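The block underneath contains the structure these notes are about, expressed in structure tokens.
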Amino acid sequence: MTATRPARRPKSWHQRAGMPVRIWLVLLVLAGLTHPVLPESRWLLVHLFTLGAVTNSIVVWSQTLAERFLGYHLPDTERTAQLVRIYILNVGIVATVVGVVGGWFPVTLVGAVLVGAMVAWHAIALLLLIVQARRARREAGEEGAEHVRSVWFLVASSAMLPVGAGFGAALAYGQTTTVEAGFLLAHQAMNLLGFLGLAAAGVLTVMYPRLIGMENPGGRRRPAALAILLVGIGVLTTAALTAHPLVASVGCGIYLVGWLVVAGPMLRGALSHPPNGYAPASITAALLWLLGSLLSLTIVLATGPMDPDRATLMTVPFLAGFAAQLLFGVMSHLLPTMMGGGARVVGAGVDKMNRWWLWRVVVINVGLLLFLLPLESWMRVGVSVLVMIAFVMFLPIMVLSAKASVAGRKAVMSGQAPPAFVPTTHRRGLQATAAVACLALVVGVTSGLGGGTGTGGQDASAGVTPTGETTEVHVDAVDMRFTPGTVTVPAGNRLVLTVTNTDEQVHDLVLATGQDSGRLAPGESATLDVGVVGADIEGWCSIVGHRQQGMVLSIVVEGGGDTSTGHDHGSSGTAPAVDLGAAPADDFVARDPVLAPAPGGTTHRYTFEVTEVEGEYAVGVPQTMWTYNGQPMGPTLRGHLGDVFEITLVNNGTMGHSIDFHAGMVGPDEPMRTINPGEELVYRFRAEHTGIWMYHCATAPMAVHVAAGMFGAVVIDPPDLAPVSAEYLLVQSDVYLGDGTVDADKVAAGTPDLVVFNGFANQYMHRPMHASVGDRIRIWLLAAGPNENVSFHVVGSQFDTVYKEGAYLLRPDNALGGASQTVDLSVSQGGFVELQFLEPGTYTFLNHRMFDGDRGAMGHIVVE
């Protein structure tokens, strides 16, 4: 007799509705691990969490909790509509993400409309639920539900997101700097403070007292709190959209008062009933981060102009400190509770959720505090990774908790007693100590990678007798200079320098004796204790090229000897040896020289992400490159006369960068300004003339930034461009190899190590281009420099068409039957040539300035 397996219990509607939350959390983890190679990585990480995980969580849990608060549960027949709503919501989220990452605004707009419509539908459903519950309770002779006022928070919350989604769509379309700042702040007000904040306030007024075992403070405060919160959001949003930062500060302050009304009794209760477990501890920390962030944002708005950087200054505290801790804390309580099965089963699930709870809470909150300090970059990376690990631990712990709950429920359903479990003994002292030790270890190790803070350097005394006196000097970094440029100090005095960056881009000060201010953003300061000084000391800005532009500081000793602690740091060190005859590995992929046709439409949107990546300009020649979108020579843009181009520049590098499009005719002050790490700007221009145009980083020293890889081409087709068999693009640039990065001294001297087409020396010698006999091909050319010109020639062929700098110099049907052997282009000039191959063979193209051709500006075209 064959035993039949019991039928698997169908998933509840709640399990099916909650599935997207888990999927979005997994995608968030994967994106966090791979973010250096992802487009729009910062936006993507933020919105995988907020739009994906948080939005789905609120929609699912607000439905469940509203039914509990009202004491009225919808019949199963109505769950299908809820699932449809949630699944369409996720289609909208996917469309929004794909549209933004791909730069397709219509797709983004469709996604935003779907998201807003589904959440608006959810708000209406909650309103109808209140009506149904009142009717049902009245018919049953029962009084109104105790927590109906909390459900109104959930209704108001869901009414916020559709408006916030509209602001998000407007941001995706692109705005001027001031308008963008207003929309960013309004977007945050509606989505973070409205959608998330109001939902949190409504849920926590009921849940939090139960979590910590205090008496529920009742619902008398809730209507007043909701009214204050809504007024605050309204004032903040209106002021943001009308560019009144001081009024926006008032709105933020009003909203803060509303939260004090909500959270005040909870936090007082937490003092007498200390949180014991991950859920109450995480939620308590989230409340503190929210209050602190609101206070900080109120001050920020009251003390400065409305710009995108200031509007998003508190994004990390809001998202990581408040939103993430709130989400995981609430889920840690609700997931085992909603599984049911009796006190023992729920207890087993909660016990699993509390694994290493104090370690996680300490690491997350202390780590976030450290992250907000002006740490060295490697220290920030290390701390953020440890915090991410503490957050990600929630996922496997959630799985363990679910397994324990499922095992207990199965036992109860089969008539057996649920498995016994022994509550875990949480050694809080050990966990807290381990958390602090992990943070200290990360800070210690990464501080060795990233350099010190500059407060204690090497001994600069050179054996001089200390005088016991201190010389204090204030130094400003501005306009590629240190002011004063020379500091005089009596021999034997202790020297303390206070360095302030009063420029618009990042700088630092490094002394030959080892002290380092670290990278200073505009407005930041650092103090360097040089110690007792007995010899002259040289200082400079270590950002590549800045020293060559004159950012040097001389510390001169009065009454000392001739000993100097200055060193020659003018170059980047010994360049690696180059073997242009070396063949690349079999898996080497040359940059595709084929020029794609112009895309459809008249408006073209792109995102350029500035990164500093490791790569090679030739076989066995590793260098750190400064890039647009991860490659030396950025993306090639193409369009037609009159097309509009909109480029969002995102600086994910470690220094200031910018972009200048020769194809545009715009006032340079705003779109071409230097932006610092973490900032972004939108550059919009209309193609007024045809030709091939250079773009490049315009941050001083421009030649160094171009030489490091920050350049590219924009092709605007002339009218009636004749059809050809194939179109290719060759952009020549010169490379100045240093010890790991571009050598600014070589750039200034104009002595390149390599001259290359499309970013790699001789790549088309090893991976030739191809054509057939009789093919007419067009080769677009651009001389990107920064120093070397082009004399382009194809051995064995002639050009019957030459187009240079917006005009035809030669056409096939010219009366003299003439042709051209070379086309000469000075730096930043461009054009194209056309040619036909009459016989098969391997044709070499090169820069006929022979020493440049021999330095890597050469390739093959194989004709068959």
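Residue numbering restarts at 1 for every chain of the structure tokens, chains are lettered A, B, ... in their displayed order, and ligands are numbered from 1 as they appear.
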Note to self: Show me, as an MDAnalysis selection string, the residues that have an atom within 6 Å of segment 625-630 of chain A when counting only C-alpha atoms, minus same-chain residues fewer than 5 positions from it.
What the structure shows: chainID A and resid 608:613 708:710
Next item on the list: Name the residues in contact with Phe588 of chain A at a cut-off of 10 Å, using only C-alpha atoms, excluding same-chain residues fewer than 5 positions from it; report them as a list in words.
Entry: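 My reading of the contact set: Ala583, Val619, Gln763, His766 and Arg767 of chain A.
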Next item on the list: May I have the residues within 12 Å of Leu372 of chain A as a ChimeraX atom specification, using only C-alpha atoms and disregarding those fewer than 2 positions away in the same chain?
Entry: /A:293,313-317,320-321,365-370,374-377,379-381,383-384
Would you output that residue set with N, CA, C and O atoms, as an mmCIF file, in the first residue's frame?
data_model
loop_
_atom_site.group_PDB
_atom_site.id
_atom_site.type_symbol
_atom_site.label_atom_id
_atom_site.label_comp_id
_atom_site.auth_asym_id
_atom_site.auth_seq_id
_atom_site.Cartn_x
_atom_site.Cartn_y
_atom_site.Cartn_z
ATOM 1 N N SER A 293 16.950 63.522 12.826
ATOM 2 C CA SER A 293 17.030 63.925 11.417
ATOM 3 C C SER A 293 16.096 65.097 11.122
ATOM 4 O O SER A 293 16.448 66.009 10.365
ATOM 5 N N LEU A 313 20.463 66.333 2.182
ATOM 6 C CA LEU A 313 21.526 66.162 3.167
ATOM 7 C C LEU A 313 21.205 65.096 4.194
ATOM 8 O O LEU A 313 22.092 64.396 4.691
ATOM 9 N N MET A 314 19.927 64.942 4.550
ATOM 10 C CA MET A 314 19.550 63.988 5.599
ATOM 11 C C MET A 314 19.018 62.675 5.024
ATOM 12 O O MET A 314 18.383 61.903 5.744
ATOM 13 N N THR A 315 19.304 62.407 3.752
ATOM 14 C CA THR A 315 18.773 61.191 3.137
ATOM 15 C C THR A 315 19.276 59.934 3.841
ATOM 16 O O THR A 315 18.498 59.012 4.116
ATOM 17 N N VAL A 316 20.571 59.856 4.105
ATOM 18 C CA VAL A 316 21.123 58.650 4.761
ATOM 19 C C VAL A 316 20.530 58.449 6.154
ATOM 20 O O VAL A 316 20.080 57.335 6.481
ATOM 21 N N PRO A 317 20.489 59.474 7.012
ATOM 22 C CA PRO A 317 19.838 59.250 8.316
ATOM 23 C C PRO A 317 18.371 58.853 8.198
ATOM 24 O O PRO A 317 17.902 57.982 8.944
ATOM 25 N N ALA A 320 18.562 54.980 6.275
ATOM 26 C CA ALA A 320 19.224 53.908 7.024
ATOM 27 C C ALA A 320 18.871 53.968 8.507
ATOM 28 O O ALA A 320 18.598 52.937 9.134
ATOM 29 N N GLY A 321 18.891 55.185 9.081
ATOM 30 C CA GLY A 321 18.617 55.293 10.513
ATOM 31 C C GLY A 321 17.166 55.067 10.865
ATOM 32 O O GLY A 321 16.851 54.302 11.777
ATOM 33 N N ASN A 365 23.700 51.308 14.589
ATOM 34 C CA ASN A 365 23.554 52.689 15.043
ATOM 35 C C ASN A 365 24.879 53.383 15.298
ATOM 36 O O ASN A 365 25.064 54.541 14.899
ATOM 37 N N VAL A 366 25.823 52.708 15.905
ATOM 38 C CA VAL A 366 27.147 53.321 16.082
ATOM 39 C C VAL A 366 27.823 53.465 14.721
ATOM 40 O O VAL A 366 28.480 54.470 14.436
ATOM 41 N N GLY A 367 27.654 52.447 13.854
ATOM 42 C CA GLY A 367 28.234 52.531 12.523
ATOM 43 C C GLY A 367 27.685 53.695 11.726
ATOM 44 O O GLY A 367 28.429 54.399 11.027
ATOM 45 N N LEU A 368 26.369 53.936 11.804
ATOM 46 C CA LEU A 368 25.789 55.074 11.095
ATOM 47 C C LEU A 368 26.311 56.405 11.637
ATOM 48 O O LEU A 368 26.567 57.339 10.871
ATOM 49 N N LEU A 369 26.474 56.486 12.943
ATOM 50 C CA LEU A 369 27.042 57.709 13.526
ATOM 51 C C LEU A 369 28.465 57.936 13.020
ATOM 52 O O LEU A 369 28.840 59.061 12.670
ATOM 53 N N LEU A 370 29.256 56.864 12.953
ATOM 54 C CA LEU A 370 30.624 56.992 12.445
ATOM 55 C C LEU A 370 30.612 57.400 10.966
ATOM 56 O O LEU A 370 31.424 58.214 10.535
ATOM 57 N N PRO A 374 33.394 62.991 9.339
ATOM 58 C CA PRO A 374 34.307 63.195 8.186
ATOM 59 C C PRO A 374 35.471 62.212 8.214
ATOM 60 O O PRO A 374 36.626 62.582 8.432
ATOM 61 N N LEU A 375 35.168 60.941 7.996
ATOM 62 C CA LEU A 375 36.196 59.907 8.006
ATOM 63 C C LEU A 375 36.914 59.850 6.658
ATOM 64 O O LEU A 375 36.433 60.345 5.650
ATOM 65 N N GLU A 376 38.080 59.178 6.665
ATOM 66 C CA GLU A 376 38.745 58.863 5.406
ATOM 67 C C GLU A 376 37.844 57.949 4.573
ATOM 68 O O GLU A 376 37.023 57.204 5.115
ATOM 69 N N SER A 377 38.026 57.970 3.244
ATOM 70 C CA SER A 377 37.114 57.244 2.366
ATOM 71 C C SER A 377 37.104 55.746 2.644
ATOM 72 O O SER A 377 36.042 55.120 2.666
ATOM 73 N N MET A 379 37.759 54.245 5.440
ATOM 74 C CA MET A 379 37.081 54.009 6.712
ATOM 75 C C MET A 379 35.575 54.034 6.523
ATOM 76 O O MET A 379 34.851 53.198 7.078
ATOM 77 N N ARG A 380 35.087 54.974 5.711
ATOM 78 C CA ARG A 380 33.651 55.048 5.449
ATOM 79 C C ARG A 380 33.174 53.790 4.734
ATOM 80 O O ARG A 380 32.101 53.259 5.033
ATOM 81 N N VAL A 381 33.982 53.305 3.787
ATOM 82 C CA VAL A 381 33.615 52.080 3.072
ATOM 83 C C VAL A 381 33.544 50.906 4.043
ATOM 84 O O VAL A 381 32.589 50.123 4.034
ATOM 85 N N VAL A 383 33.136 50.879 7.348
ATOM 86 C CA VAL A 383 32.020 51.007 8.292
ATOM 87 C C VAL A 383 30.695 50.715 7.602
ATOM 88 O O VAL A 383 29.832 50.011 8.140
ATOM 89 N N SER A 384 30.508 51.239 6.385
ATOM 90 C CA SER A 384 29.242 51.015 5.679
ATOM 91 C C SER A 384 29.050 49.534 5.352
ATOM 92 O O SER A 384 27.926 49.026 5.406
#
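Ranking A:Gly531, A:Gly656, A:Pro20, A:Gly539 by their shortest atom-to-atom distance to Asp516 of chain A, with only C-alpha atoms included, puts A:Gly539 first.
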Next item on the list: Compile the contact shell of segment 347-363 of chain A as an MDAnalysis selection string: residues with an atom at most 8 Å away, counting only C-alpha atoms, same-chain residues fewer than 2 positions apart removed.
Entry: chainID A and resid 277:279 281:282 332:333 336:337 343:345 365:367 386:387 390:391 394 397:398 400:402 404:405 421 423:424 426 428 431:432 434:436 439
